[in-house]
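Notes follow the structure.
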Amino acid sequence: MKELYVKQKMFSMSGKFTVKDTDQIDVYRVAGSFMQVPKTYTIEDSVGHEVAIITKKLFSFLPTFFVDVVGQEQVTIQKQFTFLKARYTIHAAGMEVRGNWWDMDFEILQHGEVVGRVAKKWFEWGDSYRIQVVKEEMETLMVALVVAIDCVQSDQSAAASVM
């Protein structure tokens, strides 16, 4: 099982951060668009090849993201309307998420088989996540999923602080 670590820099306006392995070697680079509509995130591998693009749907009642991973079908992640805990729907072949999305502690399943786990690391500056990859071909999609959910949570936190 492979482990990856996402550590976002607090107060970063550009939305740039890296995903590292257990040896602290950069595996992916993530860059968010700054002051661009629609909001996008590009994920590159360690040699600079684009491996995924995440695009936030422009006009949508609830946050919706389109995830394009090279060599895989497009995945749509949509926040559901709920009052208590955040819930998301993933529209892709046989994918399901179980666990606590809001606290970023969940499992990703494909056709009932666990392909990965995500856990937020608490008490750190900025957002930090540990991604356990069980099925290697799902690695890039799992990184994109974490980035999209984190973006929704950041947007909600920013909106709540304005009120």
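We name chains A, B, ... following the order of the structure tokens; residues begin at 1 in each chain, and ligands are numbered from 1 as shown.
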
Practice task
Output as number ranges by chain all residues of chain A that backbone DSSP marks as alpha helix (DSSP H).
Solution key: A: 139-162

Selection to disk with N, CA, C and O atoms, as a compact mmCIF listing (two decimals), in the first residue's frame:
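Result written to again.txt:
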```
# COMPACT_ATOMS: atom_id res chain seq x y z
N GLU A 139 -4.68 6.13 -8.01
CA GLU A 139 -3.90 7.13 -7.28
C GLU A 139 -4.21 8.57 -7.69
O GLU A 139 -4.53 9.41 -6.84
N THR A 140 -4.12 8.87 -8.96
CA THR A 140 -4.34 10.24 -9.43
C THR A 140 -5.77 10.68 -9.16
O THR A 140 -6.00 11.83 -8.74
N LEU A 141 -6.72 9.81 -9.37
CA LEU A 141 -8.11 10.14 -9.11
C LEU A 141 -8.33 10.44 -7.63
O LEU A 141 -9.06 11.37 -7.27
N MET A 142 -7.69 9.71 -6.75
CA MET A 142 -7.84 9.96 -5.31
C MET A 142 -7.25 11.31 -4.92
O MET A 142 -7.82 12.03 -4.11
N VAL A 143 -6.12 11.68 -5.49
CA VAL A 143 -5.53 13.00 -5.23
C VAL A 143 -6.49 14.09 -5.71
O VAL A 143 -6.76 15.06 -5.01
N ALA A 144 -7.06 13.91 -6.90
CA ALA A 144 -8.01 14.89 -7.45
C ALA A 144 -9.25 15.00 -6.58
O ALA A 144 -9.77 16.11 -6.36
N LEU A 145 -9.72 13.90 -6.06
CA LEU A 145 -10.88 13.89 -5.18
C LEU A 145 -10.62 14.71 -3.92
O LEU A 145 -11.44 15.53 -3.51
N VAL A 146 -9.47 14.53 -3.30
CA VAL A 146 -9.11 15.29 -2.10
C VAL A 146 -9.04 16.79 -2.41
O VAL A 146 -9.54 17.62 -1.65
N VAL A 147 -8.44 17.15 -3.54
CA VAL A 147 -8.32 18.56 -3.92
C VAL A 147 -9.72 19.17 -4.12
O VAL A 147 -10.00 20.28 -3.64
N ALA A 148 -10.61 18.46 -4.80
CA ALA A 148 -11.96 18.99 -5.07
C ALA A 148 -12.75 19.17 -3.78
O ALA A 148 -13.38 20.22 -3.58
N ILE A 149 -12.73 18.20 -2.90
CA ILE A 149 -13.48 18.30 -1.64
C ILE A 149 -12.90 19.42 -0.78
O ILE A 149 -13.63 20.19 -0.15
N ASP A 150 -11.58 19.53 -0.74
CA ASP A 150 -10.95 20.58 0.04
C ASP A 150 -11.34 21.96 -0.50
O ASP A 150 -11.56 22.90 0.28
N CYS A 151 -11.46 22.08 -1.80
CA CYS A 151 -11.87 23.35 -2.42
C CYS A 151 -13.28 23.73 -1.98
O CYS A 151 -13.55 24.87 -1.64
N VAL A 152 -14.20 22.75 -1.95
CA VAL A 152 -15.57 23.01 -1.51
C VAL A 152 -15.56 23.50 -0.07
O VAL A 152 -16.20 24.48 0.28
N GLN A 153 -14.79 22.83 0.78
CA GLN A 153 -14.74 23.21 2.19
C GLN A 153 -14.12 24.60 2.37
O GLN A 153 -14.58 25.38 3.19
N SER A 154 -13.09 24.90 1.61
CA SER A 154 -12.46 26.22 1.69
C SER A 154 -13.44 27.32 1.25
O SER A 154 -13.52 28.37 1.87
N ASP A 155 -14.17 27.06 0.17
CA ASP A 155 -15.17 28.03 -0.31
C ASP A 155 -16.25 28.27 0.74
O ASP A 155 -16.65 29.41 0.97
N GLN A 156 -16.69 27.19 1.40
CA GLN A 156 -17.73 27.32 2.42
C GLN A 156 -17.20 28.09 3.63
O GLN A 156 -17.90 28.92 4.19
N SER A 157 -15.97 27.83 4.03
CA SER A 157 -15.37 28.54 5.16
C SER A 157 -15.24 30.03 4.85
O SER A 157 -15.52 30.88 5.69
N ALA A 158 -14.83 30.33 3.62
CA ALA A 158 -14.68 31.74 3.21
C ALA A 158 -16.04 32.43 3.19
O ALA A 158 -16.17 33.57 3.64
N ALA A 159 -17.06 31.75 2.70
CA ALA A 159 -18.41 32.33 2.65
C ALA A 159 -18.95 32.54 4.06
O ALA A 159 -19.60 33.55 4.34
N ALA A 160 -18.70 31.61 4.97
CA ALA A 160 -19.19 31.72 6.34
C ALA A 160 -18.51 32.86 7.09
O ALA A 160 -19.13 33.52 7.93
N SER A 161 -17.25 33.13 6.78
CA SER A 161 -16.53 34.19 7.48
C SER A 161 -16.98 35.57 7.03
O SER A 161 -16.78 36.56 7.73
N VAL A 162 -17.58 35.67 5.85
CA VAL A 162 -18.06 36.94 5.34
C VAL A 162 -19.37 37.33 6.01
O VAL A 162 -19.67 38.49 6.20
```

Exercise for the section: Skip region 57-64 of chain A itself and residues of its chain fewer than 3 positions away, then list as a PyMOL selection string all residues within 7 Å of it, counting only C-alpha atoms. Expected result: chain A and resi 38+77-80+152

What would the file look like if the residues just selected were written as an mmCIF file, in the first residue's frame with C-alpha atoms?
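Contents of the output file part_27.cif:
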```cif
data_model
loop_
_atom_site.group_PDB
_atom_site.id
_atom_site.type_symbol
_atom_site.label_atom_id
_atom_site.label_comp_id
_atom_site.auth_asym_id
_atom_site.auth_seq_id
_atom_site.Cartn_x
_atom_site.Cartn_y
_atom_site.Cartn_z
ATOM 1 C CA PRO A 38 -14.289 28.876 -13.775
ATOM 2 C CA ILE A 77 -18.250 15.214 -7.810
ATOM 3 C CA GLN A 78 -21.331 17.035 -6.532
ATOM 4 C CA LYS A 79 -22.175 18.244 -3.038
ATOM 5 C CA GLN A 80 -25.639 17.179 -1.896
ATOM 6 C CA VAL A 152 -15.568 23.011 -1.510
#
```

Exercise for the section: Based on DSSP run over this structure's backbone, return all residues of chain A in strand (DSSP E), as an NGL selection string. Expected result: :A and (2-7 or 16-21 or 26-32 or 40-45 or 50-56 or 64-69 or 75-79 or 88-91 or 95-100 or 105-110 or 113-121 or 128-133)

Practice task
Pick out the residues sitting within 9 Å of Val69 (chain A), and hand them over as an MDAnalysis selection string; count only C-alpha atoms, and ignore anything fewer than 3 positions along from it in its own chain.
Solution key: chainID A and resid 51:54 72:75 140:141 144

Exercise for the section: Quick one: everything within 12 Å of Gly48 (chain A), counting only C-alpha atoms, minus sequence neighbours fewer than 2 positions away in the same chain. Send it as a list in words. Expected result: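 Returned residues: Asp26, Val27, Tyr28, Arg29, Val30, Ala31, Thr42, Ile43, Glu44, Asp45, Ser46, Glu50, Val51 and Ala52 of chain A.
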
Atoms kept (N, CA, C and O atoms) for selection, written as a PDB file, in the first residue's frame:
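That gives us result-v3.pdb:
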```pdb
ATOM      1  N   ASP A  26       8.511  14.848  -3.839  1.00  0.00           N
ATOM      2  CA  ASP A  26       7.342  15.334  -4.572  1.00  0.00           C
ATOM      3  C   ASP A  26       6.905  14.312  -5.616  1.00  0.00           C
ATOM      4  O   ASP A  26       7.703  13.882  -6.446  1.00  0.00           O
ATOM      5  N   VAL A  27       5.618  13.942  -5.558  1.00  0.00           N
ATOM      6  CA  VAL A  27       5.043  13.004  -6.517  1.00  0.00           C
ATOM      7  C   VAL A  27       4.149  13.759  -7.502  1.00  0.00           C
ATOM      8  O   VAL A  27       4.137  13.467  -8.686  1.00  0.00           O
ATOM      9  N   TYR A  28       3.407  14.749  -6.980  1.00  0.00           N
ATOM     10  CA  TYR A  28       2.514  15.562  -7.803  1.00  0.00           C
ATOM     11  C   TYR A  28       2.656  17.026  -7.404  1.00  0.00           C
ATOM     12  O   TYR A  28       2.958  17.339  -6.257  1.00  0.00           O
ATOM     13  N   ARG A  29       2.373  17.907  -8.375  1.00  0.00           N
ATOM     14  CA  ARG A  29       2.272  19.341  -8.122  1.00  0.00           C
ATOM     15  C   ARG A  29       0.855  19.758  -8.500  1.00  0.00           C
ATOM     16  O   ARG A  29       0.369  19.404  -9.573  1.00  0.00           O
ATOM     17  N   VAL A  30       0.223  20.519  -7.613  1.00  0.00           N
ATOM     18  CA  VAL A  30      -1.142  20.978  -7.847  1.00  0.00           C
ATOM     19  C   VAL A  30      -1.110  22.498  -7.927  1.00  0.00           C
ATOM     20  O   VAL A  30      -0.516  23.158  -7.073  1.00  0.00           O
ATOM     21  N   ALA A  31      -1.724  23.038  -8.968  1.00  0.00           N
ATOM     22  CA  ALA A  31      -1.789  24.496  -9.128  1.00  0.00           C
ATOM     23  C   ALA A  31      -3.231  24.899  -9.395  1.00  0.00           C
ATOM     24  O   ALA A  31      -3.867  24.403 -10.324  1.00  0.00           O
ATOM     25  N   THR A  42      -4.899  22.137 -11.774  1.00  0.00           N
ATOM     26  CA  THR A  42      -4.152  21.246 -12.655  1.00  0.00           C
ATOM     27  C   THR A  42      -3.218  20.414 -11.795  1.00  0.00           C
ATOM     28  O   THR A  42      -2.535  20.945 -10.918  1.00  0.00           O
ATOM     29  N   ILE A  43      -3.188  19.123 -12.051  1.00  0.00           N
ATOM     30  CA  ILE A  43      -2.305  18.216 -11.321  1.00  0.00           C
ATOM     31  C   ILE A  43      -1.272  17.681 -12.306  1.00  0.00           C
ATOM     32  O   ILE A  43      -1.626  17.153 -13.364  1.00  0.00           O
ATOM     33  N   GLU A  44       0.006  17.868 -11.958  1.00  0.00           N
ATOM     34  CA  GLU A  44       1.117  17.384 -12.791  1.00  0.00           C
ATOM     35  C   GLU A  44       1.902  16.338 -12.017  1.00  0.00           C
ATOM     36  O   GLU A  44       2.011  16.418 -10.788  1.00  0.00           O
ATOM     37  N   ASP A  45       2.490  15.391 -12.754  1.00  0.00           N
ATOM     38  CA  ASP A  45       3.359  14.413 -12.104  1.00  0.00           C
ATOM     39  C   ASP A  45       4.716  15.041 -11.817  1.00  0.00           C
ATOM     40  O   ASP A  45       4.937  16.226 -12.100  1.00  0.00           O
ATOM     41  N   SER A  46       5.638  14.265 -11.282  1.00  0.00           N
ATOM     42  CA  SER A  46       6.931  14.801 -10.841  1.00  0.00           C
ATOM     43  C   SER A  46       7.802  15.331 -11.977  1.00  0.00           C
ATOM     44  O   SER A  46       8.712  16.117 -11.737  1.00  0.00           O
ATOM     45  N   GLU A  50       0.933  16.842 -17.318  1.00  0.00           N
ATOM     46  CA  GLU A  50      -0.413  17.025 -16.774  1.00  0.00           C
ATOM     47  C   GLU A  50      -1.112  15.674 -16.698  1.00  0.00           C
ATOM     48  O   GLU A  50      -1.223  14.976 -17.702  1.00  0.00           O
ATOM     49  N   VAL A  51      -1.580  15.305 -15.498  1.00  0.00           N
ATOM     50  CA  VAL A  51      -2.229  14.007 -15.320  1.00  0.00           C
ATOM     51  C   VAL A  51      -3.714  14.147 -14.971  1.00  0.00           C
ATOM     52  O   VAL A  51      -4.469  13.188 -15.091  1.00  0.00           O
ATOM     53  N   ALA A  52      -4.129  15.347 -14.526  1.00  0.00           N
ATOM     54  CA  ALA A  52      -5.546  15.558 -14.214  1.00  0.00           C
ATOM     55  C   ALA A  52      -5.861  17.046 -14.209  1.00  0.00           C
ATOM     56  O   ALA A  52      -4.989  17.876 -13.959  1.00  0.00           O
TER      57      ALA A  52
END
```

Handout entry: Å distance separating CA of Glu107 (chain A) from CA of Ser33 (chain A), one decimal place
Key =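 Distance reported for this atom pair: 28.1 Å.
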